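Coordinates as given in run-v1.pdb (PDB, N, CA and C atoms):
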```
ATOM      1  N   MET A   1      -5.123 -14.048   5.202  1.00  0.00           N
ATOM      2  CA  MET A   1      -5.486 -12.677   4.868  1.00  0.00           C
ATOM      3  C   MET A   1      -4.531 -12.153   3.800  1.00  0.00           C
ATOM      4  N   LYS A   2      -5.087 -11.603   2.771  1.00  0.00           N
ATOM      5  CA  LYS A   2      -4.275 -11.068   1.685  1.00  0.00           C
ATOM      6  C   LYS A   2      -3.962  -9.593   1.952  1.00  0.00           C
ATOM      7  N   PRO A   3      -2.790  -9.124   1.552  1.00  0.00           N
ATOM      8  CA  PRO A   3      -2.441  -7.711   1.748  1.00  0.00           C
ATOM      9  C   PRO A   3      -3.421  -6.795   0.997  1.00  0.00           C
ATOM     10  N   VAL A   4      -3.690  -5.653   1.578  1.00  0.00           N
ATOM     11  CA  VAL A   4      -4.632  -4.694   0.997  1.00  0.00           C
ATOM     12  C   VAL A   4      -4.258  -4.325  -0.444  1.00  0.00           C
ATOM     13  N   PRO A   5      -2.985  -4.073  -0.772  1.00  0.00           N
ATOM     14  CA  PRO A   5      -2.660  -3.747  -2.167  1.00  0.00           C
ATOM     15  C   PRO A   5      -3.015  -4.880  -3.134  1.00  0.00           C
ATOM     16  N   VAL A   6      -2.902  -6.126  -2.686  1.00  0.00           N
ATOM     17  CA  VAL A   6      -3.252  -7.277  -3.518  1.00  0.00           C
ATOM     18  C   VAL A   6      -4.758  -7.285  -3.767  1.00  0.00           C
ATOM     19  N   ILE A   7      -5.522  -7.077  -2.725  1.00  0.00           N
ATOM     20  CA  ILE A   7      -6.977  -7.047  -2.852  1.00  0.00           C
ATOM     21  C   ILE A   7      -7.401  -5.927  -3.801  1.00  0.00           C
ATOM     22  N   ARG A   8      -6.795  -4.752  -3.653  1.00  0.00           N
ATOM     23  CA  ARG A   8      -7.126  -3.620  -4.534  1.00  0.00           C
ATOM     24  C   ARG A   8      -6.788  -3.919  -5.995  1.00  0.00           C
ATOM     25  N   ALA A   9      -5.630  -4.529  -6.220  1.00  0.00           N
ATOM     26  CA  ALA A   9      -5.201  -4.831  -7.596  1.00  0.00           C
ATOM     27  C   ALA A   9      -6.144  -5.840  -8.256  1.00  0.00           C
ATOM     28  N   ILE A  10      -6.533  -6.870  -7.527  1.00  0.00           N
ATOM     29  CA  ILE A  10      -7.426  -7.876  -8.097  1.00  0.00           C
ATOM     30  C   ILE A  10      -8.814  -7.289  -8.307  1.00  0.00           C
ATOM     31  N   ARG A  11      -9.267  -6.460  -7.386  1.00  0.00           N
ATOM     32  CA  ARG A  11     -10.565  -5.807  -7.545  1.00  0.00           C
ATOM     33  C   ARG A  11     -10.559  -4.910  -8.784  1.00  0.00           C
ATOM     34  N   LYS A  12      -9.466  -4.169  -8.993  1.00  0.00           N
ATOM     35  CA  LYS A  12      -9.361  -3.316 -10.187  1.00  0.00           C
ATOM     36  C   LYS A  12      -9.375  -4.170 -11.450  1.00  0.00           C
ATOM     37  N   LEU A  13      -8.644  -5.287 -11.436  1.00  0.00           N
ATOM     38  CA  LEU A  13      -8.638  -6.182 -12.582  1.00  0.00           C
ATOM     39  C   LEU A  13     -10.051  -6.655 -12.896  1.00  0.00           C
ATOM     40  N   GLY A  14     -10.778  -7.060 -11.878  1.00  0.00           N
ATOM     41  CA  GLY A  14     -12.151  -7.515 -12.078  1.00  0.00           C
ATOM     42  C   GLY A  14     -13.033  -6.431 -12.673  1.00  0.00           C
ATOM     43  N   HIS A  15     -12.922  -5.225 -12.156  1.00  0.00           N
ATOM     44  CA  HIS A  15     -13.727  -4.113 -12.676  1.00  0.00           C
ATOM     45  C   HIS A  15     -13.322  -3.775 -14.114  1.00  0.00           C
ATOM     46  N   ASP A  16     -12.035  -3.861 -14.405  1.00  0.00           N
ATOM     47  CA  ASP A  16     -11.572  -3.603 -15.772  1.00  0.00           C
ATOM     48  C   ASP A  16     -12.084  -4.676 -16.733  1.00  0.00           C
ATOM     49  N   ILE A  17     -12.142  -5.910 -16.270  1.00  0.00           N
ATOM     50  CA  ILE A  17     -12.699  -6.993 -17.090  1.00  0.00           C
ATOM     51  C   ILE A  17     -14.175  -6.724 -17.361  1.00  0.00           C
ATOM     52  N   ARG A  18     -14.904  -6.338 -16.332  1.00  0.00           N
ATOM     53  CA  ARG A  18     -16.323  -6.004 -16.507  1.00  0.00           C
ATOM     54  C   ARG A  18     -16.497  -4.873 -17.519  1.00  0.00           C
ATOM     55  N   ASP A  19     -15.692  -3.833 -17.390  1.00  0.00           N
ATOM     56  CA  ASP A  19     -15.783  -2.703 -18.317  1.00  0.00           C
ATOM     57  C   ASP A  19     -15.448  -3.120 -19.749  1.00  0.00           C
ATOM     58  N   ALA A  20     -14.438  -3.981 -19.907  1.00  0.00           N
ATOM     59  CA  ALA A  20     -14.059  -4.465 -21.243  1.00  0.00           C
ATOM     60  C   ALA A  20     -15.200  -5.280 -21.855  1.00  0.00           C
ATOM     61  N   ARG A  21     -15.832  -6.108 -21.030  1.00  0.00           N
ATOM     62  CA  ARG A  21     -16.976  -6.890 -21.534  1.00  0.00           C
ATOM     63  C   ARG A  21     -18.095  -5.967 -21.990  1.00  0.00           C
ATOM     64  N   ARG A  22     -18.389  -4.977 -21.195  1.00  0.00           N
ATOM     65  CA  ARG A  22     -19.463  -4.034 -21.538  1.00  0.00           C
ATOM     66  C   ARG A  22     -19.135  -3.239 -22.795  1.00  0.00           C
ATOM     67  N   ARG A  23     -17.887  -2.793 -22.930  1.00  0.00           N
ATOM     68  CA  ARG A  23     -17.493  -2.045 -24.137  1.00  0.00           C
ATOM     69  C   ARG A  23     -17.666  -2.889 -25.393  1.00  0.00           C
ATOM     70  N   ARG A  24     -17.473  -4.194 -25.240  1.00  0.00           N
ATOM     71  CA  ARG A  24     -17.622  -5.113 -26.373  1.00  0.00           C
ATOM     72  C   ARG A  24     -19.071  -5.576 -26.556  1.00  0.00           C
ATOM     73  N   ARG A  25     -19.929  -5.123 -25.650  1.00  0.00           N
ATOM     74  CA  ARG A  25     -21.357  -5.471 -25.680  1.00  0.00           C
ATOM     75  C   ARG A  25     -21.573  -6.984 -25.659  1.00  0.00           C
ATOM     76  N   ILE A  26     -20.813  -7.624 -24.788  1.00  0.00           N
ATOM     77  CA  ILE A  26     -20.938  -9.063 -24.595  1.00  0.00           C
ATOM     78  C   ILE A  26     -21.699  -9.285 -23.290  1.00  0.00           C
ATOM     79  N   THR A  27     -22.719 -10.107 -23.327  1.00  0.00           N
ATOM     80  CA  THR A  27     -23.478 -10.401 -22.109  1.00  0.00           C
ATOM     81  C   THR A  27     -22.674 -11.323 -21.206  1.00  0.00           C
ATOM     82  N   THR A  28     -23.058 -11.350 -19.940  1.00  0.00           N
ATOM     83  CA  THR A  28     -22.388 -12.246 -19.006  1.00  0.00           C
ATOM     84  C   THR A  28     -22.611 -13.705 -19.403  1.00  0.00           C
ATOM     85  N   THR A  29     -23.784 -13.998 -19.933  1.00  0.00           N
ATOM     86  CA  THR A  29     -24.077 -15.369 -20.360  1.00  0.00           C
ATOM     87  C   THR A  29     -23.141 -15.809 -21.471  1.00  0.00           C
ATOM     88  N   ILE A  30     -22.963 -14.954 -22.462  1.00  0.00           N
ATOM     89  CA  ILE A  30     -22.100 -15.296 -23.613  1.00  0.00           C
ATOM     90  C   ILE A  30     -20.640 -15.411 -23.173  1.00  0.00           C
ATOM     91  N   LEU A  31     -20.160 -14.455 -22.370  1.00  0.00           N
ATOM     92  CA  LEU A  31     -18.764 -14.498 -21.938  1.00  0.00           C
ATOM     93  C   LEU A  31     -18.514 -15.746 -21.093  1.00  0.00           C
ATOM     94  N   ALA A  32     -19.425 -16.055 -20.197  1.00  0.00           N
ATOM     95  CA  ALA A  32     -19.272 -17.250 -19.366  1.00  0.00           C
ATOM     96  C   ALA A  32     -19.226 -18.503 -20.242  1.00  0.00           C
ATOM     97  N   GLU A  33     -20.099 -18.583 -21.230  1.00  0.00           N
ATOM     98  CA  GLU A  33     -20.102 -19.744 -22.131  1.00  0.00           C
ATOM     99  C   GLU A  33     -18.787 -19.849 -22.888  1.00  0.00           C
ATOM    100  N   ARG A  34     -18.319 -18.743 -23.423  1.00  0.00           N
ATOM    101  CA  ARG A  34     -17.073 -18.755 -24.208  1.00  0.00           C
ATOM    102  C   ARG A  34     -15.860 -19.101 -23.352  1.00  0.00           C
ATOM    103  N   ALA A  35     -15.909 -18.740 -22.074  1.00  0.00           N
ATOM    104  CA  ALA A  35     -14.803 -19.041 -21.163  1.00  0.00           C
ATOM    105  C   ALA A  35     -14.991 -20.396 -20.466  1.00  0.00           C
ATOM    106  N   SER A  36     -16.092 -21.067 -20.756  1.00  0.00           N
ATOM    107  CA  SER A  36     -16.411 -22.370 -20.143  1.00  0.00           C
ATOM    108  C   SER A  36     -16.454 -22.296 -18.621  1.00  0.00           C
ATOM    109  N   ILE A  37     -17.077 -21.233 -18.122  1.00  0.00           N
ATOM    110  CA  ILE A  37     -17.265 -21.062 -16.684  1.00  0.00           C
ATOM    111  C   ILE A  37     -18.732 -20.725 -16.435  1.00  0.00           C
ATOM    112  N   SER A  38     -19.141 -20.789 -15.186  1.00  0.00           N
ATOM    113  CA  SER A  38     -20.516 -20.430 -14.851  1.00  0.00           C
ATOM    114  C   SER A  38     -20.646 -18.911 -14.755  1.00  0.00           C
ATOM    115  N   ARG A  39     -21.875 -18.438 -14.839  1.00  0.00           N
ATOM    116  CA  ARG A  39     -22.114 -17.003 -14.662  1.00  0.00           C
ATOM    117  C   ARG A  39     -21.755 -16.580 -13.242  1.00  0.00           C
ATOM    118  N   THR A  40     -21.919 -17.475 -12.292  1.00  0.00           N
ATOM    119  CA  THR A  40     -21.546 -17.172 -10.904  1.00  0.00           C
ATOM    120  C   THR A  40     -20.047 -16.919 -10.796  1.00  0.00           C
ATOM    121  N   THR A  41     -19.255 -17.750 -11.459  1.00  0.00           N
ATOM    122  CA  THR A  41     -17.801 -17.554 -11.441  1.00  0.00           C
ATOM    123  C   THR A  41     -17.433 -16.265 -12.158  1.00  0.00           C
ATOM    124  N   LEU A  42     -18.075 -15.981 -13.288  1.00  0.00           N
ATOM    125  CA  LEU A  42     -17.802 -14.725 -13.994  1.00  0.00           C
ATOM    126  C   LEU A  42     -18.144 -13.535 -13.103  1.00  0.00           C
ATOM    127  N   ASN A  43     -19.224 -13.633 -12.364  1.00  0.00           N
ATOM    128  CA  ASN A  43     -19.597 -12.563 -11.441  1.00  0.00           C
ATOM    129  C   ASN A  43     -18.496 -12.350 -10.407  1.00  0.00           C
ATOM    130  N   LYS A  44     -17.926 -13.434  -9.910  1.00  0.00           N
ATOM    131  CA  LYS A  44     -16.821 -13.342  -8.947  1.00  0.00           C
ATOM    132  C   LYS A  44     -15.603 -12.685  -9.596  1.00  0.00           C
ATOM    133  N   VAL A  45     -15.315 -13.051 -10.841  1.00  0.00           N
ATOM    134  CA  VAL A  45     -14.195 -12.448 -11.575  1.00  0.00           C
ATOM    135  C   VAL A  45     -14.403 -10.946 -11.682  1.00  0.00           C
ATOM    136  N   GLU A  46     -15.594 -10.539 -12.101  1.00  0.00           N
ATOM    137  CA  GLU A  46     -15.873  -9.117 -12.310  1.00  0.00           C
ATOM    138  C   GLU A  46     -15.896  -8.321 -11.009  1.00  0.00           C
ATOM    139  N   LYS A  47     -16.055  -8.999  -9.887  1.00  0.00           N
ATOM    140  CA  LYS A  47     -15.987  -8.334  -8.588  1.00  0.00           C
ATOM    141  C   LYS A  47     -14.565  -8.347  -8.028  1.00  0.00           C
ATOM    142  N   GLY A  48     -13.663  -9.067  -8.697  1.00  0.00           N
ATOM    143  CA  GLY A  48     -12.280  -9.129  -8.251  1.00  0.00           C
ATOM    144  C   GLY A  48     -12.072 -10.058  -7.079  1.00  0.00           C
ATOM    145  N   ASP A  49     -12.740 -11.185  -7.094  1.00  0.00           N
ATOM    146  CA  ASP A  49     -12.608 -12.175  -6.031  1.00  0.00           C
ATOM    147  C   ASP A  49     -11.209 -12.793  -6.084  1.00  0.00           C
ATOM    148  N   PRO A  50     -10.421 -12.649  -5.007  1.00  0.00           N
ATOM    149  CA  PRO A  50      -9.057 -13.185  -5.011  1.00  0.00           C
ATOM    150  C   PRO A  50      -8.996 -14.710  -4.906  1.00  0.00           C
ATOM    151  N   ASN A  51     -10.124 -15.353  -4.668  1.00  0.00           N
ATOM    152  CA  ASN A  51     -10.144 -16.806  -4.554  1.00  0.00           C
ATOM    153  C   ASN A  51     -10.388 -17.512  -5.885  1.00  0.00           C
ATOM    154  N   VAL A  52     -10.655 -16.743  -6.937  1.00  0.00           N
ATOM    155  CA  VAL A  52     -10.806 -17.316  -8.280  1.00  0.00           C
ATOM    156  C   VAL A  52      -9.408 -17.534  -8.843  1.00  0.00           C
ATOM    157  N   SER A  53      -9.209 -18.659  -9.516  1.00  0.00           N
ATOM    158  CA  SER A  53      -7.866 -19.000  -9.987  1.00  0.00           C
ATOM    159  C   SER A  53      -7.377 -18.049 -11.087  1.00  0.00           C
ATOM    160  N   LEU A  54      -6.071 -17.915 -11.142  1.00  0.00           N
ATOM    161  CA  LEU A  54      -5.445 -17.106 -12.184  1.00  0.00           C
ATOM    162  C   LEU A  54      -5.801 -17.648 -13.565  1.00  0.00           C
ATOM    163  N   GLY A  55      -5.940 -18.961 -13.670  1.00  0.00           N
ATOM    164  CA  GLY A  55      -6.303 -19.574 -14.941  1.00  0.00           C
ATOM    165  C   GLY A  55      -7.648 -19.094 -15.443  1.00  0.00           C
ATOM    166  N   ILE A  56      -8.591 -18.914 -14.551  1.00  0.00           N
ATOM    167  CA  ILE A  56      -9.913 -18.427 -14.958  1.00  0.00           C
ATOM    168  C   ILE A  56      -9.820 -16.967 -15.377  1.00  0.00           C
ATOM    169  N   TYR A  57      -9.130 -16.139 -14.601  1.00  0.00           N
ATOM    170  CA  TYR A  57      -8.946 -14.737 -15.006  1.00  0.00           C
ATOM    171  C   TYR A  57      -8.300 -14.674 -16.391  1.00  0.00           C
ATOM    172  N   THR A  58      -7.274 -15.498 -16.612  1.00  0.00           N
ATOM    173  CA  THR A  58      -6.560 -15.504 -17.888  1.00  0.00           C
ATOM    174  C   THR A  58      -7.459 -15.961 -19.031  1.00  0.00           C
ATOM    175  N   THR A  59      -8.285 -16.958 -18.791  1.00  0.00           N
ATOM    176  CA  THR A  59      -9.209 -17.435 -19.828  1.00  0.00           C
ATOM    177  C   THR A  59     -10.206 -16.343 -20.196  1.00  0.00           C
ATOM    178  N   VAL A  60     -10.732 -15.640 -19.209  1.00  0.00           N
ATOM    179  CA  VAL A  60     -11.667 -14.546 -19.486  1.00  0.00           C
ATOM    180  C   VAL A  60     -10.961 -13.454 -20.291  1.00  0.00           C
ATOM    181  N   LEU A  61      -9.731 -13.129 -19.925  1.00  0.00           N
ATOM    182  CA  LEU A  61      -8.965 -12.136 -20.685  1.00  0.00           C
ATOM    183  C   LEU A  61      -8.742 -12.612 -22.121  1.00  0.00           C
ATOM    184  N   PHE A  62      -8.496 -13.897 -22.303  1.00  0.00           N
ATOM    185  CA  PHE A  62      -8.328 -14.463 -23.641  1.00  0.00           C
ATOM    186  C   PHE A  62      -9.597 -14.253 -24.473  1.00  0.00           C
ATOM    187  N   VAL A  63     -10.736 -14.567 -23.893  1.00  0.00           N
ATOM    188  CA  VAL A  63     -12.006 -14.412 -24.615  1.00  0.00           C
ATOM    189  C   VAL A  63     -12.219 -12.955 -25.004  1.00  0.00           C
ATOM    190  N   LEU A  64     -11.774 -12.033 -24.169  1.00  0.00           N
ATOM    191  CA  LEU A  64     -11.930 -10.607 -24.456  1.00  0.00           C
ATOM    192  C   LEU A  64     -10.837 -10.067 -25.379  1.00  0.00           C
ATOM    193  N   GLY A  65      -9.871 -10.909 -25.747  1.00  0.00           N
ATOM    194  CA  GLY A  65      -8.790 -10.465 -26.625  1.00  0.00           C
ATOM    195  C   GLY A  65      -7.703  -9.702 -25.902  1.00  0.00           C
ATOM    196  N   LEU A  66      -7.581  -9.914 -24.604  1.00  0.00           N
ATOM    197  CA  LEU A  66      -6.622  -9.155 -23.800  1.00  0.00           C
ATOM    198  C   LEU A  66      -5.546 -10.017 -23.143  1.00  0.00           C
ATOM    199  N   VAL A  67      -5.446 -11.282 -23.524  1.00  0.00           N
ATOM    200  CA  VAL A  67      -4.541 -12.197 -22.836  1.00  0.00           C
ATOM    201  C   VAL A  67      -3.066 -11.849 -23.026  1.00  0.00           C
ATOM    202  N   ASP A  68      -2.701 -11.221 -24.116  1.00  0.00           N
ATOM    203  CA  ASP A  68      -1.290 -10.897 -24.362  1.00  0.00           C
ATOM    204  C   ASP A  68      -0.701 -10.023 -23.264  1.00  0.00           C
ATOM    205  N   ARG A  69      -1.505  -9.199 -22.669  1.00  0.00           N
ATOM    206  CA  ARG A  69      -1.008  -8.292 -21.634  1.00  0.00           C
ATOM    207  C   ARG A  69      -0.546  -9.029 -20.381  1.00  0.00           C
ATOM    208  N   ILE A  70      -1.163 -10.135 -20.087  1.00  0.00           N
ATOM    209  CA  ILE A  70      -0.818 -10.858 -18.858  1.00  0.00           C
ATOM    210  C   ILE A  70       0.537 -11.569 -18.980  1.00  0.00           C
ATOM    211  N   ALA A  71       0.933 -11.879 -20.187  1.00  0.00           N
ATOM    212  CA  ALA A  71       2.187 -12.602 -20.406  1.00  0.00           C
ATOM    213  C   ALA A  71       3.412 -11.803 -19.960  1.00  0.00           C
ATOM    214  N   ASP A  72       3.308 -10.494 -19.930  1.00  0.00           N
ATOM    215  CA  ASP A  72       4.452  -9.653 -19.589  1.00  0.00           C
ATOM    216  C   ASP A  72       4.442  -9.116 -18.159  1.00  0.00           C
ATOM    217  N   LEU A  73       3.521  -9.565 -17.348  1.00  0.00           N
ATOM    218  CA  LEU A  73       3.406  -9.009 -15.994  1.00  0.00           C
ATOM    219  C   LEU A  73       4.697  -9.099 -15.187  1.00  0.00           C
ATOM    220  N   ALA A  74       5.370 -10.226 -15.248  1.00  0.00           N
ATOM    221  CA  ALA A  74       6.594 -10.399 -14.459  1.00  0.00           C
ATOM    222  C   ALA A  74       7.831 -10.533 -15.346  1.00  0.00           C
ATOM    223  N   ASP A  75       7.730 -10.089 -16.589  1.00  0.00           N
ATOM    224  CA  ASP A  75       8.860 -10.159 -17.525  1.00  0.00           C
ATOM    225  C   ASP A  75      10.039  -9.369 -16.949  1.00  0.00           C
ATOM    226  N   HIS A  76      11.202  -9.986 -16.974  1.00  0.00           N
ATOM    227  CA  HIS A  76      12.387  -9.340 -16.396  1.00  0.00           C
ATOM    228  C   HIS A  76      12.762  -8.049 -17.104  1.00  0.00           C
ATOM    229  N   HIS A  77      12.336  -7.851 -18.332  1.00  0.00           N
ATOM    230  CA  HIS A  77      12.624  -6.607 -19.040  1.00  0.00           C
ATOM    231  C   HIS A  77      11.892  -5.410 -18.432  1.00  0.00           C
ATOM    232  N   HIS A  78      10.857  -5.678 -17.686  1.00  0.00           N
ATOM    233  CA  HIS A  78      10.070  -4.620 -17.066  1.00  0.00           C
ATOM    234  C   HIS A  78      10.324  -4.533 -15.565  1.00  0.00           C
ATOM    235  N   ASP A  79      11.263  -5.324 -15.074  1.00  0.00           N
ATOM    236  CA  ASP A  79      11.566  -5.373 -13.651  1.00  0.00           C
ATOM    237  C   ASP A  79      12.532  -4.246 -13.319  1.00  0.00           C
ATOM    238  N   SER A  80      12.186  -3.452 -12.332  1.00  0.00           N
ATOM    239  CA  SER A  80      13.034  -2.312 -11.955  1.00  0.00           C
ATOM    240  C   SER A  80      14.184  -2.717 -11.048  1.00  0.00           C
ATOM    241  N   VAL A  81      14.213  -3.972 -10.630  1.00  0.00           N
ATOM    242  CA  VAL A  81      15.301  -4.454  -9.773  1.00  0.00           C
ATOM    243  C   VAL A  81      16.361  -5.108 -10.643  1.00  0.00           C
ATOM    244  N   GLY A  82      17.583  -4.773 -10.433  1.00  0.00           N
ATOM    245  CA  GLY A  82      18.667  -5.442 -11.132  1.00  0.00           C
ATOM    246  C   GLY A  82      18.990  -4.817 -12.380  1.00  0.00           C
TER     247      GLY A  82
END
```

Could you express the structure from this file as structure tokens?
Amino acid sequence: MKPVPVIRAIRKLGHDIRDARRRRRITTTILAERASISRTTLNKVEKGDPNVSLGIYTTVLFVLGLVDRIADLADHHHDSVG
């Protein structure tokens, strides 16, 4: 069982990916093809399925032009500890 905050964060990421795709007017078929995944997997990504690999989420973000943001998620410069 995953913690509720984790589930919420991944669900938000999925919804944000869906919104980014829509803003770019990219169909699910085209995005899935460009990311080399099935439409079923893309659907899981857009729903925020926590069982989809980080690599797939990252590839979808790359196709949308948003991959740079993920590189800094755990960067020590942004860490409030220490």

* To do: Go through A:Thr27, A:Arg39, A:Leu13, A:His76 one by one, measure the shortest atom-to-atom distance of each to Thr58 of chain A using only C-alpha atoms, and give the residue with the smallest value.
  => A:Leu13

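Neighbouring residues of Phe62 of chain A at 12 Å or closer, counting only C-alpha atoms and skipping chain neighbours under 3 positions away, are Ile17, Ala20, Arg21, Leu31, Arg34, Ala35, Ser36, Gly55, Ile56, Tyr57, Thr58, Thr59, Gly65, Leu66, Val67, Asp68, Arg69, Ile70 and Ala71 of chain A.
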
Take the residues from that selection and put them in a file with N, CA and C atoms, as a PDB file, in the coordinates of the input.
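Writing done, so here's part18.pdb:
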```
ATOM      1  N   ILE A  17     -12.142  -5.910 -16.270  1.00  0.00           N
ATOM      2  CA  ILE A  17     -12.699  -6.993 -17.090  1.00  0.00           C
ATOM      3  C   ILE A  17     -14.175  -6.724 -17.361  1.00  0.00           C
ATOM      4  N   ALA A  20     -14.438  -3.981 -19.907  1.00  0.00           N
ATOM      5  CA  ALA A  20     -14.059  -4.465 -21.243  1.00  0.00           C
ATOM      6  C   ALA A  20     -15.200  -5.280 -21.855  1.00  0.00           C
ATOM      7  N   ARG A  21     -15.832  -6.108 -21.030  1.00  0.00           N
ATOM      8  CA  ARG A  21     -16.976  -6.890 -21.534  1.00  0.00           C
ATOM      9  C   ARG A  21     -18.095  -5.967 -21.990  1.00  0.00           C
ATOM     10  N   LEU A  31     -20.160 -14.455 -22.370  1.00  0.00           N
ATOM     11  CA  LEU A  31     -18.764 -14.498 -21.938  1.00  0.00           C
ATOM     12  C   LEU A  31     -18.514 -15.746 -21.093  1.00  0.00           C
ATOM     13  N   ARG A  34     -18.319 -18.743 -23.423  1.00  0.00           N
ATOM     14  CA  ARG A  34     -17.073 -18.755 -24.208  1.00  0.00           C
ATOM     15  C   ARG A  34     -15.860 -19.101 -23.352  1.00  0.00           C
ATOM     16  N   ALA A  35     -15.909 -18.740 -22.074  1.00  0.00           N
ATOM     17  CA  ALA A  35     -14.803 -19.041 -21.163  1.00  0.00           C
ATOM     18  C   ALA A  35     -14.991 -20.396 -20.466  1.00  0.00           C
ATOM     19  N   SER A  36     -16.092 -21.067 -20.756  1.00  0.00           N
ATOM     20  CA  SER A  36     -16.411 -22.370 -20.143  1.00  0.00           C
ATOM     21  C   SER A  36     -16.454 -22.296 -18.621  1.00  0.00           C
ATOM     22  N   GLY A  55      -5.940 -18.961 -13.670  1.00  0.00           N
ATOM     23  CA  GLY A  55      -6.303 -19.574 -14.941  1.00  0.00           C
ATOM     24  C   GLY A  55      -7.648 -19.094 -15.443  1.00  0.00           C
ATOM     25  N   ILE A  56      -8.591 -18.914 -14.551  1.00  0.00           N
ATOM     26  CA  ILE A  56      -9.913 -18.427 -14.958  1.00  0.00           C
ATOM     27  C   ILE A  56      -9.820 -16.967 -15.377  1.00  0.00           C
ATOM     28  N   TYR A  57      -9.130 -16.139 -14.601  1.00  0.00           N
ATOM     29  CA  TYR A  57      -8.946 -14.737 -15.006  1.00  0.00           C
ATOM     30  C   TYR A  57      -8.300 -14.674 -16.391  1.00  0.00           C
ATOM     31  N   THR A  58      -7.274 -15.498 -16.612  1.00  0.00           N
ATOM     32  CA  THR A  58      -6.560 -15.504 -17.888  1.00  0.00           C
ATOM     33  C   THR A  58      -7.459 -15.961 -19.031  1.00  0.00           C
ATOM     34  N   THR A  59      -8.285 -16.958 -18.791  1.00  0.00           N
ATOM     35  CA  THR A  59      -9.209 -17.435 -19.828  1.00  0.00           C
ATOM     36  C   THR A  59     -10.206 -16.343 -20.196  1.00  0.00           C
ATOM     37  N   GLY A  65      -9.871 -10.909 -25.747  1.00  0.00           N
ATOM     38  CA  GLY A  65      -8.790 -10.465 -26.625  1.00  0.00           C
ATOM     39  C   GLY A  65      -7.703  -9.702 -25.902  1.00  0.00           C
ATOM     40  N   LEU A  66      -7.581  -9.914 -24.604  1.00  0.00           N
ATOM     41  CA  LEU A  66      -6.622  -9.155 -23.800  1.00  0.00           C
ATOM     42  C   LEU A  66      -5.546 -10.017 -23.143  1.00  0.00           C
ATOM     43  N   VAL A  67      -5.446 -11.282 -23.524  1.00  0.00           N
ATOM     44  CA  VAL A  67      -4.541 -12.197 -22.836  1.00  0.00           C
ATOM     45  C   VAL A  67      -3.066 -11.849 -23.026  1.00  0.00           C
ATOM     46  N   ASP A  68      -2.701 -11.221 -24.116  1.00  0.00           N
ATOM     47  CA  ASP A  68      -1.290 -10.897 -24.362  1.00  0.00           C
ATOM     48  C   ASP A  68      -0.701 -10.023 -23.264  1.00  0.00           C
ATOM     49  N   ARG A  69      -1.505  -9.199 -22.669  1.00  0.00           N
ATOM     50  CA  ARG A  69      -1.008  -8.292 -21.634  1.00  0.00           C
ATOM     51  C   ARG A  69      -0.546  -9.029 -20.381  1.00  0.00           C
ATOM     52  N   ILE A  70      -1.163 -10.135 -20.087  1.00  0.00           N
ATOM     53  CA  ILE A  70      -0.818 -10.858 -18.858  1.00  0.00           C
ATOM     54  C   ILE A  70       0.537 -11.569 -18.980  1.00  0.00           C
ATOM     55  N   ALA A  71       0.933 -11.879 -20.187  1.00  0.00           N
ATOM     56  CA  ALA A  71       2.187 -12.602 -20.406  1.00  0.00           C
ATOM     57  C   ALA A  71       3.412 -11.803 -19.960  1.00  0.00           C
TER      58      ALA A  71
END
```

* By how many Å are atom C of Val52 of chain A and atom C of Arg24 of chain A apart? -> 23.5 Å

* Asked: DSSP says alpha helix (DSSP H) for which residues of chain A? Put them as JSON, numbers by chain?
  -> {"A": [4, 5, 6, 7, 8, 9, 10, 11, 12, 13, 14, 15, 16, 17, 18, 19, 20, 21, 22, 23, 28, 29, 30, 31, 32, 33, 34, 35, 39, 40, 41, 42, 43, 44, 45, 46, 47, 54, 55, 56, 57, 58, 59, 60, 61, 62, 63]}

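One finds atom CA of Ala74 of chain A at 18.0 Å from atom CA of Lys12 of chain A.
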
* To do: In Å, rounded to a single decimal, give me how far atom N of Thr40 of chain A is from atom N of Lys2 of chain A.
  => 23.3 Å

Can you save segment 62-68 of chain A of the given block to a file, including N, CA, C and O atoms and formatted as a PDB file, in the first residue's frame?
```
ATOM      1  N   PHE A  62       9.394  13.836 -21.660  1.00  0.00           N
ATOM      2  CA  PHE A  62      10.355  14.192 -22.702  1.00  0.00           C
ATOM      3  C   PHE A  62       9.627  14.539 -24.005  1.00  0.00           C
ATOM      4  O   PHE A  62       9.909  15.553 -24.637  1.00  0.00           O
ATOM      5  N   VAL A  63       8.694  13.698 -24.396  1.00  0.00           N
ATOM      6  CA  VAL A  63       7.948  13.938 -25.639  1.00  0.00           C
ATOM      7  C   VAL A  63       7.195  15.258 -25.557  1.00  0.00           C
ATOM      8  O   VAL A  63       7.090  15.986 -26.552  1.00  0.00           O
ATOM      9  N   LEU A  64       6.717  15.613 -24.377  1.00  0.00           N
ATOM     10  CA  LEU A  64       5.981  16.864 -24.198  1.00  0.00           C
ATOM     11  C   LEU A  64       6.903  18.069 -24.005  1.00  0.00           C
ATOM     12  O   LEU A  64       6.432  19.195 -23.883  1.00  0.00           O
ATOM     13  N   GLY A  65       8.215  17.838 -23.957  1.00  0.00           N
ATOM     14  CA  GLY A  65       9.159  18.938 -23.771  1.00  0.00           C
ATOM     15  C   GLY A  65       9.293  19.379 -22.331  1.00  0.00           C
ATOM     16  O   GLY A  65       9.704  20.509 -22.061  1.00  0.00           O
ATOM     17  N   LEU A  66       8.967  18.500 -21.400  1.00  0.00           N
ATOM     18  CA  LEU A  66       8.973  18.861 -19.982  1.00  0.00           C
ATOM     19  C   LEU A  66       9.962  18.056 -19.143  1.00  0.00           C
ATOM     20  O   LEU A  66       9.942  18.129 -17.925  1.00  0.00           O
ATOM     21  N   VAL A  67      10.844  17.299 -19.779  1.00  0.00           N
ATOM     22  CA  VAL A  67      11.719  16.395 -19.040  1.00  0.00           C
ATOM     23  C   VAL A  67      12.730  17.118 -18.153  1.00  0.00           C
ATOM     24  O   VAL A  67      13.142  16.579 -17.120  1.00  0.00           O
ATOM     25  N   ASP A  68      13.125  18.320 -18.496  1.00  0.00           N
ATOM     26  CA  ASP A  68      14.123  19.041 -17.696  1.00  0.00           C
ATOM     27  C   ASP A  68      13.671  19.240 -16.256  1.00  0.00           C
ATOM     28  O   ASP A  68      14.494  19.254 -15.338  1.00  0.00           O
TER      29      ASP A  68
END
```
